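Colleague: File entry.pdb follows (PDB, C-alpha atoms):
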```
ATOM      1  CA  MET A  24     214.606 -44.974-111.367
ATOM      2  CA  VAL A  25     216.482 -43.318-108.495
ATOM      3  CA  GLY A  26     218.409 -45.570-106.119
ATOM      4  CA  VAL A  27     217.607 -44.527-102.555
ATOM      5  CA  GLY A  28     219.416 -45.141 -99.293
ATOM      6  CA  VAL A  29     217.424 -44.455 -96.111
ATOM      7  CA  VAL A  30     219.499 -43.560 -93.060
ATOM      8  CA  GLY A  31     217.662 -44.102 -89.774
ATOM      9  CA  ILE A  32     214.803 -46.597 -89.613
ATOM     10  CA  GLY A  33     212.461 -45.115 -87.037
ATOM     11  CA  PHE A  34     208.993 -43.606 -87.422
ATOM     12  CA  MET A  35     209.963 -41.296 -90.269
ATOM     13  CA  GLY A  36     212.475 -43.657 -91.847
ATOM     14  CA  ASN A  37     209.783 -46.335 -92.023
ATOM     15  CA  MET A  38     207.342 -43.801 -93.488
ATOM     16  CA  HIS A  39     209.796 -42.710 -96.181
ATOM     17  CA  PHE A  40     210.854 -46.289 -96.960
ATOM     18  CA  ASN A  41     207.255 -47.292 -97.730
ATOM     19  CA  ILE A  42     206.659 -44.199 -99.861
ATOM     20  CA  TYR A  43     209.733 -44.845-102.000
ATOM     21  CA  GLN A  44     208.749 -48.486-102.455
ATOM     22  CA  ALA A  45     205.346 -47.378-103.778
ATOM     23  CA  ASN A  46     206.784 -44.708-106.104
ATOM     24  CA  GLN A  47     207.718 -45.741-109.644
ATOM     25  CA  LYS A  48     210.426 -43.095-109.772
ATOM     26  CA  ALA A  49     212.481 -44.742-107.007
ATOM     27  CA  ARG A  50     213.778 -47.964-105.529
ATOM     28  CA  VAL A  51     215.236 -48.402-102.052
ATOM     29  CA  VAL A  52     218.631 -50.028-102.529
ATOM     30  CA  ALA A  53     220.066 -49.603 -99.022
ATOM     31  CA  ILE A  54     219.213 -48.792 -95.419
ATOM     32  CA  ALA A  55     221.411 -47.881 -92.462
ATOM     33  CA  ASP A  56     220.615 -48.157 -88.761
ATOM     34  CA  LEU A  57     222.452 -48.983 -85.552
ATOM     35  CA  ASN A  58     219.667 -51.345 -84.480
ATOM     36  CA  GLU A  59     220.406 -54.908 -85.626
ATOM     37  CA  LYS A  60     216.698 -55.825 -85.489
ATOM     38  CA  ARG A  61     215.882 -53.141 -88.029
ATOM     39  CA  LEU A  62     218.596 -54.405 -90.365
ATOM     40  CA  LYS A  63     217.011 -57.861 -90.196
ATOM     41  CA  GLY A  64     213.584 -56.510 -91.122
ATOM     42  CA  ASP A  65     212.023 -56.576 -87.651
ATOM     43  CA  TRP A  66     210.304 -53.168 -87.488
ATOM     44  CA  SER A  67     207.553 -54.221 -85.100
ATOM     45  CA  ASP A  68     208.487 -51.726 -82.386
ATOM     46  CA  ILE A  69     208.325 -48.621 -84.608
ATOM     47  CA  ALA A  70     205.548 -46.209 -83.611
ATOM     48  CA  GLY A  71     204.569 -42.588 -84.239
ATOM     49  CA  ASN A  72     201.882 -39.927 -83.897
ATOM     50  CA  ILE A  73     200.391 -40.047 -87.403
ATOM     51  CA  GLY A  74     199.825 -42.643 -90.114
ATOM     52  CA  ASP A  75     199.691 -46.418 -89.910
ATOM     53  CA  ALA A  76     201.769 -48.622 -87.642
ATOM     54  CA  ALA A  77     204.946 -50.149 -89.049
ATOM     55  CA  THR A  78     204.871 -53.585 -90.634
ATOM     56  CA  ALA A  79     206.115 -56.167 -88.144
ATOM     57  CA  LYS A  80     208.350 -57.930 -90.666
ATOM     58  CA  VAL A  81     209.789 -56.134 -93.694
ATOM     59  CA  ASP A  82     211.221 -57.985 -96.684
ATOM     60  CA  LEU A  83     214.677 -56.528 -97.273
ATOM     61  CA  SER A  84     215.589 -58.869-100.118
ATOM     62  CA  GLY A  85     217.905 -57.107-102.540
ATOM     63  CA  ILE A  86     218.433 -54.183-100.157
ATOM     64  CA  ALA A  87     221.909 -53.611 -98.724
ATOM     65  CA  THR A  88     222.013 -53.052 -94.957
ATOM     66  CA  TYR A  89     224.613 -51.038 -93.071
ATOM     67  CA  LYS A  90     225.271 -50.211 -89.439
ATOM     68  CA  ASP A  91     227.451 -47.288 -90.472
ATOM     69  CA  ALA A  92     225.685 -44.602 -92.522
ATOM     70  CA  SER A  93     229.032 -43.621 -94.045
ATOM     71  CA  ASP A  94     229.168 -46.973 -95.813
ATOM     72  CA  LEU A  95     225.716 -46.400 -97.292
ATOM     73  CA  ILE A  96     226.776 -42.956 -98.487
ATOM     74  CA  ALA A  97     229.831 -44.486-100.143
ATOM     75  CA  SER A  98     227.752 -46.997-102.112
ATOM     76  CA  ASP A  99     227.708 -46.426-105.869
ATOM     77  CA  ASP A 100     224.143 -47.765-105.985
ATOM     78  CA  VAL A 101     222.819 -44.924-103.803
ATOM     79  CA  GLU A 102     221.918 -41.758-105.712
ATOM     80  CA  LEU A 103     219.640 -40.229-103.073
ATOM     81  CA  VAL A 104     220.428 -40.296 -99.352
ATOM     82  CA  ASP A 105     217.340 -39.791 -97.194
ATOM     83  CA  ILE A 106     218.411 -38.752 -93.696
ATOM     84  CA  CYS A 107     215.826 -39.626 -91.048
ATOM     85  CA  LEU A 108     218.185 -39.390 -88.085
ATOM     86  CA  PRO A 109     217.725 -37.451 -84.837
ATOM     87  CA  THR A 110     218.112 -33.742 -85.528
ATOM     88  CA  TYR A 111     221.443 -33.289 -83.755
ATOM     89  CA  LEU A 112     223.031 -35.672 -86.273
ATOM     90  CA  HIS A 113     221.752 -33.951 -89.414
ATOM     91  CA  LYS A 114     224.758 -31.798 -90.238
ATOM     92  CA  LYS A 115     227.332 -34.583 -90.052
ATOM     93  CA  TYR A 116     225.585 -36.821 -92.546
ATOM     94  CA  VAL A 117     224.081 -34.139 -94.787
ATOM     95  CA  VAL A 118     227.498 -32.597 -95.408
ATOM     96  CA  LYS A 119     229.123 -36.015 -95.862
ATOM     97  CA  ALA A 120     226.497 -37.096 -98.404
ATOM     98  CA  LEU A 121     226.610 -33.800-100.328
ATOM     99  CA  GLU A 122     230.398 -33.924-100.492
ATOM    100  CA  ALA A 123     230.072 -37.467-101.875
ATOM    101  CA  GLY A 124     227.980 -36.090-104.753
ATOM    102  CA  LYS A 125     224.657 -37.502-103.567
ATOM    103  CA  ASN A 126     221.210 -35.959-103.677
ATOM    104  CA  VAL A 127     220.045 -35.463-100.093
ATOM    105  CA  LEU A 128     216.635 -35.273 -98.459
ATOM    106  CA  CYS A 129     216.913 -34.384 -94.767
ATOM    107  CA  GLU A 130     214.194 -34.510 -92.147
ATOM    108  CA  LYS A 131     213.076 -31.253 -90.552
ATOM    109  CA  PRO A 132     214.166 -29.079 -88.874
ATOM    110  CA  ILE A 133     217.402 -28.541 -90.756
ATOM    111  CA  SER A 134     219.397 -28.474 -87.502
ATOM    112  CA  LEU A 135     219.348 -27.347 -83.879
ATOM    113  CA  SER A 136     222.166 -24.875 -84.495
ATOM    114  CA  LEU A 137     222.228 -21.864 -86.808
ATOM    115  CA  ASP A 138     225.954 -22.363 -87.403
ATOM    116  CA  ASP A 139     225.395 -25.993 -88.407
ATOM    117  CA  ALA A 140     222.479 -25.028 -90.629
ATOM    118  CA  GLN A 141     224.557 -22.352 -92.354
ATOM    119  CA  GLU A 142     227.294 -24.913 -92.990
ATOM    120  CA  MET A 143     224.702 -27.242 -94.539
ATOM    121  CA  VAL A 144     223.390 -24.455 -96.776
ATOM    122  CA  GLU A 145     226.919 -23.638 -97.939
ATOM    123  CA  ALA A 146     227.659 -27.315 -98.592
ATOM    124  CA  SER A 147     224.479 -27.579-100.692
ATOM    125  CA  GLU A 148     225.476 -24.552-102.763
ATOM    126  CA  LYS A 149     228.797 -26.196-103.662
ATOM    127  CA  ALA A 150     227.388 -29.678-104.211
ATOM    128  CA  GLU A 151     226.577 -31.429-107.459
ATOM    129  CA  GLY A 152     223.548 -33.131-105.925
ATOM    130  CA  LYS A 153     220.210 -31.619-104.957
ATOM    131  CA  PHE A 154     219.375 -30.848-101.317
ATOM    132  CA  MET A 155     215.973 -30.445 -99.691
ATOM    133  CA  VAL A 156     214.732 -30.323 -96.114
ATOM    134  CA  ALA A 157     211.509 -32.286 -95.617
ATOM    135  CA  HIS A 158     209.198 -29.518 -94.433
ATOM    136  CA  CYS A 159     206.198 -31.641 -95.349
ATOM    137  CA  VAL A 160     203.494 -29.119 -94.444
ATOM    138  CA  ARG A 161     204.331 -27.085 -97.547
ATOM    139  CA  PHE A 162     203.213 -30.187 -99.466
ATOM    140  CA  TRP A 163     200.234 -31.158 -97.309
ATOM    141  CA  PRO A 164     197.227 -30.954 -99.669
ATOM    142  CA  GLU A 165     195.090 -28.538 -97.631
ATOM    143  CA  TYR A 166     198.041 -26.313 -96.753
ATOM    144  CA  ALA A 167     199.255 -26.296-100.366
ATOM    145  CA  LEU A 168     195.758 -25.413-101.608
ATOM    146  CA  VAL A 169     195.443 -22.546 -99.127
ATOM    147  CA  LYS A 170     198.885 -21.292-100.184
ATOM    148  CA  GLU A 171     197.511 -21.038-103.742
ATOM    149  CA  MET A 172     194.381 -19.209-102.543
ATOM    150  CA  VAL A 173     196.378 -16.665-100.544
ATOM    151  CA  ALA A 174     199.058 -16.165-103.218
ATOM    152  CA  GLU A 175     196.472 -15.335-105.883
ATOM    153  CA  GLY A 176     194.467 -13.137-103.480
ATOM    154  CA  ARG A 177     191.306 -15.148-104.088
ATOM    155  CA  TYR A 178     189.654 -13.845-100.911
ATOM    156  CA  GLY A 179     191.597 -10.629-100.463
ATOM    157  CA  ARG A 180     194.491 -10.118 -98.095
ATOM    158  CA  VAL A 181     195.017 -12.032 -94.873
ATOM    159  CA  LEU A 182     193.899 -10.134 -91.771
ATOM    160  CA  SER A 183     194.452 -12.773 -89.088
ATOM    161  CA  ALA A 184     195.773 -16.320 -88.911
ATOM    162  CA  THR A 185     195.972 -18.865 -86.109
ATOM    163  CA  PHE A 186     197.804 -22.205 -86.320
ATOM    164  CA  ARG A 187     197.783 -25.090 -83.826
ATOM    165  CA  ARG A 188     199.689 -28.393 -83.670
ATOM    166  CA  LEU A 189     199.121 -30.545 -80.594
ATOM    167  CA  SER A 190     200.321 -34.028 -79.704
ATOM    168  CA  ALA A 191     200.731 -36.486 -76.903
ATOM    169  CA  ALA A 192     204.296 -36.721 -75.628
ATOM    170  CA  PRO A 193     206.352 -38.622 -78.260
ATOM    171  CA  THR A 194     207.662 -41.343 -75.971
ATOM    172  CA  TRP A 195     207.681 -43.749 -78.924
ATOM    173  CA  SER A 196     210.933 -42.574 -80.545
ATOM    174  CA  GLY A 197     213.993 -44.820 -80.690
ATOM    175  CA  GLU A 198     215.934 -44.625 -77.404
ATOM    176  CA  ASN A 199     213.428 -41.867 -76.524
ATOM    177  CA  TRP A 200     215.548 -39.288 -78.362
ATOM    178  CA  LEU A 201     212.628 -36.927 -78.959
ATOM    179  CA  MET A 202     212.308 -36.481 -75.195
ATOM    180  CA  ASP A 203     215.952 -35.390 -74.995
ATOM    181  CA  ALA A 204     215.988 -31.674 -75.806
ATOM    182  CA  GLN A 205     219.712 -31.802 -76.577
ATOM    183  CA  LYS A 206     218.919 -34.159 -79.459
ATOM    184  CA  SER A 207     215.497 -32.971 -80.640
ATOM    185  CA  GLY A 208     215.136 -29.387 -79.438
ATOM    186  CA  SER A 209     211.856 -30.522 -77.816
ATOM    187  CA  ALA A 210     208.438 -29.498 -79.169
ATOM    188  CA  LEU A 211     209.588 -25.996 -80.136
ATOM    189  CA  TYR A 212     212.024 -27.345 -82.726
ATOM    190  CA  ASP A 213     210.540 -30.711 -83.656
ATOM    191  CA  LEU A 214     206.771 -30.096 -83.698
ATOM    192  CA  HIS A 215     206.128 -26.356 -83.777
ATOM    193  CA  CYS A 216     208.682 -25.921 -86.593
ATOM    194  CA  HIS A 217     206.048 -27.131 -89.073
ATOM    195  CA  ASP A 218     203.849 -24.100 -88.518
ATOM    196  CA  VAL A 219     206.789 -21.712 -88.245
ATOM    197  CA  ASP A 220     207.955 -22.791 -91.686
ATOM    198  CA  TYR A 221     204.450 -22.615 -93.142
ATOM    199  CA  ILE A 222     203.900 -19.096 -91.808
ATOM    200  CA  ASN A 223     207.162 -18.038 -93.462
ATOM    201  CA  TYR A 224     206.006 -19.739 -96.679
ATOM    202  CA  LEU A 225     202.465 -18.366 -96.649
ATOM    203  CA  LEU A 226     202.961 -14.859 -95.308
ATOM    204  CA  GLY A 227     206.665 -14.105 -95.598
ATOM    205  CA  ARG A 228     209.296 -13.499 -92.971
ATOM    206  CA  PRO A 229     207.931 -11.704 -89.893
ATOM    207  CA  GLN A 230     209.684  -8.617 -88.564
ATOM    208  CA  ALA A 231     209.646  -9.852 -84.969
ATOM    209  CA  VAL A 232     208.243 -12.565 -82.740
ATOM    210  CA  SER A 233     206.993 -12.712 -79.175
ATOM    211  CA  ALA A 234     206.624 -16.114 -77.517
ATOM    212  CA  ALA A 235     205.676 -17.705 -74.221
ATOM    213  CA  GLY A 236     206.538 -21.291 -73.455
ATOM    214  CA  VAL A 237     206.754 -23.901 -70.736
ATOM    215  CA  SER A 238     209.186 -26.713 -69.965
ATOM    216  CA  HIS A 239     207.764 -29.663 -68.074
ATOM    217  CA  ILE A 240     208.729 -33.064 -69.466
ATOM    218  CA  THR A 241     212.007 -32.120 -71.171
ATOM    219  CA  SER A 242     214.660 -29.499 -70.566
ATOM    220  CA  GLY A 243     213.465 -27.680 -73.699
ATOM    221  CA  ILE A 244     210.219 -25.882 -74.516
ATOM    222  CA  ASP A 245     207.408 -28.443 -74.514
ATOM    223  CA  HIS A 246     204.563 -26.051 -75.314
ATOM    224  CA  VAL A 247     204.770 -22.664 -76.997
ATOM    225  CA  VAL A 248     202.437 -19.893 -78.134
ATOM    226  CA  ALA A 249     203.979 -17.316 -80.459
ATOM    227  CA  ASN A 250     202.811 -14.049 -81.975
ATOM    228  CA  TYR A 251     204.362 -12.874 -85.234
ATOM    229  CA  PHE A 252     204.620  -9.217 -86.206
ATOM    230  CA  PHE A 253     204.374  -8.098 -89.837
ATOM    231  CA  GLU A 254     204.755  -4.743 -91.538
ATOM    232  CA  ASP A 255     201.076  -4.661 -92.550
ATOM    233  CA  ASP A 256     199.941  -5.410 -88.965
ATOM    234  CA  LYS A 257     198.197  -8.708 -89.748
ATOM    235  CA  GLN A 258     197.646 -10.742 -86.558
ATOM    236  CA  VAL A 259     199.336 -14.153 -86.648
ATOM    237  CA  THR A 260     199.611 -16.695 -83.845
ATOM    238  CA  ALA A 261     200.875 -20.272 -83.648
ATOM    239  CA  GLU A 262     200.574 -22.762 -80.794
ATOM    240  CA  GLY A 263     202.391 -26.072 -80.572
ATOM    241  CA  GLY A 264     203.132 -28.599 -77.890
ATOM    242  CA  TRP A 265     203.337 -32.195 -76.736
ATOM    243  CA  LEU A 266     202.389 -31.971 -73.059
ATOM    244  CA  PHE A 267     199.244 -34.038 -73.524
ATOM    245  CA  PRO A 268     198.596 -37.540 -72.088
ATOM    246  CA  PRO A 269     198.879 -40.704 -74.232
ATOM    247  CA  GLY A 270     195.208 -40.811 -75.219
ATOM    248  CA  PHE A 271     195.229 -37.291 -76.642
ATOM    249  CA  PRO A 272     194.823 -37.422 -80.448
ATOM    250  CA  PHE A 273     197.348 -35.669 -82.654
ATOM    251  CA  ALA A 274     195.746 -32.669 -84.364
ATOM    252  CA  MET A 275     196.853 -29.884 -86.677
ATOM    253  CA  SER A 276     194.613 -26.979 -87.561
ATOM    254  CA  PHE A 277     194.422 -23.382 -88.737
ATOM    255  CA  THR A 278     191.938 -20.529 -89.092
ATOM    256  CA  ILE A 279     192.835 -17.834 -91.603
ATOM    257  CA  VAL A 280     190.642 -14.734 -91.781
ATOM    258  CA  CYS A 281     190.824 -12.976 -95.131
ATOM    259  CA  GLU A 282     188.979  -9.856 -96.267
ATOM    260  CA  GLU A 283     186.357 -11.888 -98.128
ATOM    261  CA  ALA A 284     186.349 -15.323 -96.466
ATOM    262  CA  THR A 285     187.569 -17.367 -93.525
ATOM    263  CA  LEU A 286     189.545 -20.549 -94.251
ATOM    264  CA  ASP A 287     189.294 -23.174 -91.535
ATOM    265  CA  TYR A 288     191.129 -26.510 -91.396
ATOM    266  CA  HIS A 289     191.215 -29.317 -88.845
ATOM    267  CA  SER A 290     192.890 -32.667 -89.469
ATOM    268  CA  GLY A 291     190.329 -34.499 -87.330
ATOM    269  CA  ARG A 292     187.262 -33.604 -89.409
ATOM    270  CA  GLU A 293     185.851 -35.663 -92.257
ATOM    271  CA  LYS A 294     185.703 -32.527 -94.397
ATOM    272  CA  THR A 295     189.003 -31.101 -93.296
ATOM    273  CA  LEU A 296     188.920 -27.724 -95.096
ATOM    274  CA  SER A 297     186.025 -25.265 -94.963
ATOM    275  CA  VAL A 298     185.600 -21.842 -96.576
ATOM    276  CA  TYR A 299     183.137 -19.508 -94.833
ATOM    277  CA  LEU A 300     181.834 -16.714 -97.066
ATOM    278  CA  PRO A 301     180.234 -13.328 -96.176
ATOM    279  CA  ASP A 302     176.777 -14.465 -97.391
ATOM    280  CA  GLY A 303     176.722 -17.180 -94.726
ATOM    281  CA  SER A 304     177.445 -20.063 -97.075
ATOM    282  CA  VAL A 305     180.100 -22.687 -96.435
ATOM    283  CA  SER A 306     182.024 -24.613 -99.064
ATOM    284  CA  HIS A 307     184.409 -27.538 -98.792
ATOM    285  CA  PRO A 308     187.013 -27.336-101.572
ATOM    286  CA  GLU A 309     188.105 -30.536-103.228
ATOM    287  CA  VAL A 310     191.449 -31.463-101.744
ATOM    288  CA  PRO A 311     194.086 -33.216-103.880
ATOM    289  CA  ALA A 312     194.979 -36.799-102.979
ATOM    290  CA  GLY A 313     197.997 -37.857-100.975
ATOM    291  CA  ASP A 314     199.668 -36.371 -97.951
ATOM    292  CA  GLY A 315     202.661 -34.164 -97.292
ATOM    293  CA  TYR A 316     205.096 -37.058 -96.966
ATOM    294  CA  ILE A 317     204.083 -38.640-100.279
ATOM    295  CA  ASN A 318     203.985 -35.306-102.086
ATOM    296  CA  GLU A 319     207.318 -33.959-100.840
ATOM    297  CA  ILE A 320     209.150 -37.142-101.809
ATOM    298  CA  ASP A 321     207.518 -37.272-105.231
ATOM    299  CA  TYR A 322     208.456 -33.622-105.771
ATOM    300  CA  PHE A 323     212.086 -34.209-104.804
ATOM    301  CA  LEU A 324     212.308 -37.248-107.075
ATOM    302  CA  GLU A 325     210.954 -35.114-109.928
ATOM    303  CA  CYS A 326     213.632 -32.506-109.228
ATOM    304  CA  ILE A 327     216.311 -35.193-109.470
ATOM    305  CA  GLU A 328     214.843 -36.695-112.642
ATOM    306  CA  GLU A 329     214.494 -33.281-114.307
ATOM    307  CA  ASP A 330     217.835 -31.988-112.970
ATOM    308  CA  ARG A 331     216.389 -28.880-111.327
ATOM    309  CA  LYS A 332     216.869 -27.442-107.872
ATOM    310  CA  PRO A 333     213.944 -27.645-105.438
ATOM    311  CA  GLU A 334     212.023 -24.382-105.266
ATOM    312  CA  VAL A 335     209.032 -25.152-103.026
ATOM    313  CA  ILE A 336     211.462 -25.417-100.102
ATOM    314  CA  THR A 337     215.068 -24.292-100.455
ATOM    315  CA  ALA A 338     217.949 -24.742 -98.036
ATOM    316  CA  LYS A 339     217.891 -21.022 -97.269
ATOM    317  CA  LYS A 340     214.177 -21.125 -96.448
ATOM    318  CA  ALA A 341     214.808 -24.043 -94.085
ATOM    319  CA  LEU A 342     217.485 -21.898 -92.439
ATOM    320  CA  GLU A 343     215.003 -19.012 -92.178
ATOM    321  CA  ALA A 344     212.535 -21.244 -90.344
ATOM    322  CA  LEU A 345     215.253 -22.167 -87.874
ATOM    323  CA  GLU A 346     216.129 -18.492 -87.389
ATOM    324  CA  ILE A 347     212.518 -17.802 -86.401
ATOM    325  CA  ILE A 348     212.489 -20.759 -83.988
ATOM    326  CA  VAL A 349     215.710 -19.560 -82.349
ATOM    327  CA  ALA A 350     214.170 -16.100 -81.988
ATOM    328  CA  GLU A 351     211.102 -17.632 -80.331
ATOM    329  CA  GLU A 352     213.326 -19.495 -77.885
ATOM    330  CA  GLU A 353     215.121 -16.246 -77.071
ATOM    331  CA  SER A 354     211.786 -14.460 -76.622
ATOM    332  CA  VAL A 355     210.618 -17.101 -74.149
ATOM    333  CA  ARG A 356     213.835 -16.705 -72.191
ATOM    334  CA  ARG A 357     213.869 -12.885 -72.240
ATOM    335  CA  LYS A 358     210.083 -12.492 -71.895
ATOM    336  CA  GLU A 359     210.022  -9.836 -74.578
ATOM    337  CA  PRO A 360     209.689  -9.576 -78.380
ATOM    338  CA  VAL A 361     212.741 -10.413 -80.502
ATOM    339  CA  GLY A 362     213.421  -8.844 -83.883
ATOM    340  CA  LEU A 363     214.331 -10.831 -86.977
TER     341      LEU A 363
END
```
Written as structure tokens, that's how I'd like the structure from this file.
Modeller:
Amino acid sequence: MVGVGVVGIGFMGNMHFNIYQANQKARVVAIADLNEKRLKGDWSDIAGNIGDAATAKVDLSGIATYKDASDLIASDDVELVDICLPTYLHKKYVVKALEAGKNVLCEKPISLSLDDAQEMVEASEKAEGKFMVAHCVRFWPEYALVKEMVAEGRYGRVLSATFRRLSAAPTWSGENWLMDAQKSGSALYDLHCHDVDYINYLLGRPQAVSAAGVSHITSGIDHVVANYFFEDDKQVTAEGGWLFPPGFPFAMSFTIVCEEATLDYHSGREKTLSVYLPDGSVSHPEVPAGDGYINEIDYFLECIEEDRKPEVITAKKALEALEIIVAEEESVRRKEPVGL
């Protein structure tokens, strides 16, 4: 059973904490947070855009609590450090934990800076422990199933693909850090990165990107639409943003047109994934249980148990996703396509 230390008890830290506690491969042995209430088990003010609300009172019996994440990293009981901190803090604690010999799971995106991300990749290559960035969409059941369909060419090659990820403004984050573009990178980095990474996973690295975006509630890009250019001229677009009012429901979706079928997914439907065939019929494939958060953590725990490096998402692939995001940001600024 892997001893886990969770650093940062906010929306995602709470999510990960509960998943570890329900997984027989792991046990949370420590948490770290600057908020004294969280260290006392009062998580009543934690909120997010997906999943259930946090438990008001959490039993932390037998779990060490730290205000300083460095002390958690130094604990001999902690084998896996799960970093759920604001993005601008990722490098500091990822590198520290890897240098301490720990296995490290880090929330996405890997960083806001390509230089920082490269340093994290290099640290992971030298480290004894495993390192994985939590790009959960690669593990989301419908997205993982469609990856299998496309990889095996079940419906021929992809001709066109459109991805969307839309949310109300995330004013629920601790100290409102998500609304500070210097800490989160705004929607371009924090929300849209999911689809950027999945496109790179599903279709490979694009040759260039052209993006248009708008800043309205942060100093970063709050809503973006990007076109991706590939050697075989497939048409690929992704839209992401959080400019919507509080009552707007979070939704993620895609439509992928293949030579012999169209694959359509929407998180808000009862039957989330549909396959439309040329004869006019529609099927709804059976989707595996769980969600991306549960599946990514279980996968990483398996990698630790079996002493193998993660392959579904590597540090270099997380860096590639960031490279594409940075190119999109440059395209918005220059108002022209940017090569990769």
Colleague: Between A:Met38, A:Val30, A:Val81, A:Ala174, which is the closest to Val104 in chain A once you count all atoms listed in the file?
Modeller: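 Ranked by minimum distance to Val104 in chain A, first place goes to A:Val30.
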Colleague: How far is it from CA of Gly124 in chain A to CA of Leu83 in chain A, in Å with one decimal?
Modeller: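 Going from CA of Gly124 in chain A over to CA of Leu83 in chain A, I get 25.5 Å.
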Colleague: Evaluate the PyMOL selection byres ((chain A and resi 274) around 10) on the structure here and hand back the selected residues as a VMD selection string.
Modeller: chain A and resid 72 to 73 187 to 191 271 to 273 275 to 276 289 to 292
Colleague: Give me the range 105-162 of chain A side of the contact with range 202-219 of chain A, cut-off 9 Å, one line per residue showing its nearest atom pair and distance in Å at one decimal, counting only C-alpha atoms, sorted by chain and residue number, as JSON lines.
Modeller:
```
{"residue": "A:Pro109", "atom": "CA", "partner": "A:Lys206", "partner_atom": "CA", "distance": 6.4}
{"residue": "A:Thr110", "atom": "CA", "partner": "A:Ser207", "partner_atom": "CA", "distance": 5.6}
{"residue": "A:Tyr111", "atom": "CA", "partner": "A:Lys206", "partner_atom": "CA", "distance": 5.1}
{"residue": "A:Leu112", "atom": "CA", "partner": "A:Lys206", "partner_atom": "CA", "distance": 8.1}
{"residue": "A:Lys131", "atom": "CA", "partner": "A:Asp213", "partner_atom": "CA", "distance": 7.4}
{"residue": "A:Pro132", "atom": "CA", "partner": "A:Asp213", "partner_atom": "CA", "distance": 6.6}
{"residue": "A:Ser134", "atom": "CA", "partner": "A:Tyr212", "partner_atom": "CA", "distance": 8.9}
{"residue": "A:Leu135", "atom": "CA", "partner": "A:Gly208", "partner_atom": "CA", "distance": 6.5}
{"residue": "A:His158", "atom": "CA", "partner": "A:His217", "partner_atom": "CA", "distance": 6.7}
{"residue": "A:Cys159", "atom": "CA", "partner": "A:His217", "partner_atom": "CA", "distance": 7.7}
{"residue": "A:Val160", "atom": "CA", "partner": "A:His217", "partner_atom": "CA", "distance": 6.3}
{"residue": "A:Arg161", "atom": "CA", "partner": "A:His217", "partner_atom": "CA", "distance": 8.6}
```
Colleague: Given all atoms listed in the file as the basis, pick out the residue of A:Arg228, A:Lys332, A:Lys48, A:Lys114 nearest to Leu363 in chain A.
Modeller: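 Counting all atoms listed in the file, the residue closest to Leu363 in chain A is A:Arg228.
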Colleague: Extending 4 Å beyond the listed atoms of range 237-256 of chain A on each side, what axis-aligned box results? I want centre and edge lengths in Å to one decimal, as lines of an AutoDock Vina configuration file.
Modeller:
```
center_x = 207.3
center_y = -18.9
center_z = -80.3
size_x = 22.7
size_y = 36.4
size_z = 32.5
```
Colleague: Name all residues at most 12 Å from Gln47 in chain A (count all atoms listed in the file; drop same-chain ones fewer than 3 positions away) and give them as a JSON list (two decimals) with C-alpha atoms, in the frame of the given file.
Modeller:
```
[["chain", "number", "residue", "atom", "x", "y", "z"],
["A", 24, "MET", "CA", 214.61, -44.97, -111.37],
["A", 25, "VAL", "CA", 216.48, -43.32, -108.50],
["A", 26, "GLY", "CA", 218.41, -45.57, -106.12],
["A", 42, "ILE", "CA", 206.66, -44.20, -99.86],
["A", 43, "TYR", "CA", 209.73, -44.84, -102.00],
["A", 44, "GLN", "CA", 208.75, -48.49, -102.46],
["A", 50, "ARG", "CA", 213.78, -47.96, -105.53],
["A", 51, "VAL", "CA", 215.24, -48.40, -102.05],
["A", 320, "ILE", "CA", 209.15, -37.14, -101.81],
["A", 321, "ASP", "CA", 207.52, -37.27, -105.23],
["A", 324, "LEU", "CA", 212.31, -37.25, -107.08],
["A", 325, "GLU", "CA", 210.95, -35.11, -109.93],
["A", 328, "GLU", "CA", 214.84, -36.70, -112.64]]
```
